[in-house]
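Working notes for the structure below.
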Amino acid sequence: MSKAIVESLVSDMALTQNEAGTTESFYQNTMKELSLKPLFTDVRLIEITAETSQYTIPDDVGLILEMFYDSEIVFREPLSSMSVHNRNWKDLKGPPEFYVVESETSKQFRLVPEPQISSKDFAFLLGEPLGRDFPEYSVGLIHTKVQNENPDWMDLPIALKVVSKEFQKESKYQDPDFAEVCNQLADMVLNGQRTL
């Protein structure tokens with residue numbers, strides 16, 4: 001996918017009524033929104049260091065869908081509810097049961113309780129890193145993937161999302177009905193719906 005193709009489609013659908021500055025902003029917002037949808041998913045292993053609870057979320061991770069520690073599900077908890085479980089939650093030690101993302105912009109998560117054992121070697125003798133070779137005491141993430149380049153089939157739905165935002169904003173060209181139709185068409189393609 002080329003950003004230039006999307007911009008050209010937006011310009012054509014908007015009958016050149018769009019503004020380059022806002023189109024760029026809407027394009028970036030749309031790409032961020034799409035990275036939070038499970039259109040493209042990936043799995044990643046994270047090596048754990050004993051007595052370390054905070055880890056960096058890799059840049060290409062959009063949204064964590066599921067987390068595992070040593071083959072057990074680790075549940076996401078809102079930061080605000082952690083003190084309800086235990087006032088000293090940051091001091092707990094043992095196998096992680098929860099993870100907390102303290103700030104969406106920090107790209108950090110904290111395992112609670114703090115793991116006390118480092119991950120075993122990432123040696124995949126059977127060629128099954130997510131199966132029989134899953135390294136003990138490691139974290140596995142199933143996540144949406146931030147795409148720098150999307151497949152060509154996404155040009156049109158991305159352009160429709162951008163046009164929708166263009167015509168929702170207050171301007172002399174504002175057209176909420178057209179914006180809604182564009183948004184519905186984009187969702188239809190992205191979600192595999194057959195009818196509006």
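The chains in the structure tokens are called A, B, ... from first to last as shown; in each chain the residues are counted from 1, and the ligands are counted from 1 in the order shown.
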
- Hey, what does DSSP flag as helix (DSSP H, G or I) within region 118-193 of chain A? Can you give it to me as a PyMOL selection string? chain A and resi 152-168+176-191

Save the residues we just selected, N, CA and C atoms, as a short mmCIF file (atom, residue, chain, number, x, y, z; two decimals), in the first residue's frame?
data_model
loop_
_atom_site.label_atom_id
_atom_site.label_comp_id
_atom_site.auth_asym_id
_atom_site.auth_seq_id
_atom_site.Cartn_x
_atom_site.Cartn_y
_atom_site.Cartn_z
N ASP A 152 -2.45 -3.96 -0.45
CA ASP A 152 -3.15 -3.09 -1.41
C ASP A 152 -4.67 -3.06 -1.20
N TRP A 153 -5.25 -4.18 -0.76
CA TRP A 153 -6.70 -4.22 -0.62
C TRP A 153 -7.19 -3.25 0.45
N MET A 154 -6.30 -2.75 1.30
CA MET A 154 -6.72 -1.83 2.35
C MET A 154 -6.72 -0.37 1.91
N ASP A 155 -6.22 -0.08 0.71
CA ASP A 155 -6.20 1.31 0.23
C ASP A 155 -7.59 1.94 0.28
N LEU A 156 -8.57 1.25 -0.28
CA LEU A 156 -9.93 1.81 -0.35
C LEU A 156 -10.55 1.99 1.03
N PRO A 157 -10.57 0.97 1.91
CA PRO A 157 -11.19 1.21 3.22
C PRO A 157 -10.48 2.29 4.04
N ILE A 158 -9.16 2.38 3.91
CA ILE A 158 -8.44 3.45 4.62
C ILE A 158 -8.85 4.81 4.06
N ALA A 159 -8.92 4.91 2.74
CA ALA A 159 -9.34 6.17 2.11
C ALA A 159 -10.77 6.52 2.54
N LEU A 160 -11.65 5.53 2.61
CA LEU A 160 -13.03 5.79 3.04
C LEU A 160 -13.07 6.30 4.48
N LYS A 161 -12.26 5.73 5.34
CA LYS A 161 -12.20 6.19 6.73
C LYS A 161 -11.72 7.64 6.80
N VAL A 162 -10.70 7.97 6.00
CA VAL A 162 -10.17 9.34 5.99
C VAL A 162 -11.22 10.31 5.45
N VAL A 163 -11.89 9.93 4.35
CA VAL A 163 -12.94 10.79 3.78
C VAL A 163 -14.06 10.99 4.81
N SER A 164 -14.40 9.93 5.53
CA SER A 164 -15.43 10.03 6.56
C SER A 164 -15.06 11.09 7.59
N LYS A 165 -13.81 11.07 8.03
CA LYS A 165 -13.35 12.07 9.00
C LYS A 165 -13.36 13.48 8.39
N GLU A 166 -12.96 13.56 7.11
CA GLU A 166 -12.95 14.87 6.42
C GLU A 166 -14.34 15.50 6.41
N PHE A 167 -15.37 14.70 6.13
CA PHE A 167 -16.72 15.24 5.99
C PHE A 167 -17.48 15.28 7.31
N GLN A 168 -16.90 14.75 8.38
CA GLN A 168 -17.50 14.90 9.71
C GLN A 168 -17.08 16.22 10.35
N PRO A 176 -22.48 15.06 7.11
CA PRO A 176 -22.51 13.91 8.03
C PRO A 176 -23.07 12.64 7.40
N ASP A 177 -24.04 12.77 6.49
CA ASP A 177 -24.62 11.58 5.86
C ASP A 177 -23.59 10.88 4.97
N PHE A 178 -22.89 11.65 4.15
CA PHE A 178 -21.84 11.09 3.29
C PHE A 178 -20.73 10.48 4.16
N ALA A 179 -20.37 11.17 5.24
CA ALA A 179 -19.34 10.67 6.15
C ALA A 179 -19.74 9.32 6.73
N GLU A 180 -21.00 9.20 7.13
CA GLU A 180 -21.49 7.94 7.71
C GLU A 180 -21.47 6.80 6.69
N VAL A 181 -21.88 7.08 5.46
CA VAL A 181 -21.86 6.06 4.41
C VAL A 181 -20.43 5.59 4.15
N CYS A 182 -19.50 6.54 4.06
CA CYS A 182 -18.08 6.18 3.85
C CYS A 182 -17.57 5.30 4.99
N ASN A 183 -17.91 5.67 6.21
CA ASN A 183 -17.48 4.90 7.37
C ASN A 183 -18.07 3.49 7.36
N GLN A 184 -19.35 3.38 7.02
CA GLN A 184 -20.01 2.08 6.96
C GLN A 184 -19.41 1.20 5.86
N LEU A 185 -19.12 1.78 4.71
CA LEU A 185 -18.49 1.01 3.63
C LEU A 185 -17.12 0.50 4.05
N ALA A 186 -16.34 1.36 4.69
CA ALA A 186 -15.01 0.94 5.17
C ALA A 186 -15.14 -0.20 6.17
N ASP A 187 -16.07 -0.06 7.12
CA ASP A 187 -16.27 -1.12 8.12
C ASP A 187 -16.74 -2.41 7.47
N MET A 188 -17.57 -2.28 6.44
CA MET A 188 -18.06 -3.46 5.74
C MET A 188 -16.88 -4.26 5.15
N VAL A 189 -15.94 -3.57 4.54
CA VAL A 189 -14.77 -4.24 3.96
C VAL A 189 -13.86 -4.78 5.07
N LEU A 190 -13.59 -3.96 6.07
CA LEU A 190 -12.65 -4.36 7.12
C LEU A 190 -13.19 -5.46 8.02
N ASN A 191 -14.51 -5.48 8.23
CA ASN A 191 -15.11 -6.48 9.13
C ASN A 191 -15.72 -7.65 8.39
#

- Query: as a ChimeraX atom specification, which residues of chain A does DSSP assign to strand (DSSP E)?
  - Reply: /A:41-46,54-56,61-69,72-76,98-100,108-112,139-145

- Rank A:Leu92, A:Glu102, A:Val6, A:Lys107 by their smallest atom-to-atom distance to Ser80 (chain A), using only C-alpha atoms, and report the top residue only.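 Smallest separation from Ser80 (chain A) among the options: A:Glu102.
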
- Residue neighbourhood region 47-58 of chain A, 10 Å, only C-alpha atoms, exclusion window fewer than 4 positions, as number ranges by chain: A: 62-64, 69, 90-94, 96, 99-101, 106-122, 135-141

- Query: What separation in Å, quoted to one decimal, exists between CA of Thr22 (chain A) and CA of Leu39 (chain A)?
  - Reply: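 We find that CA of Thr22 (chain A) and CA of Leu39 (chain A) lie 25.1 Å from each other.
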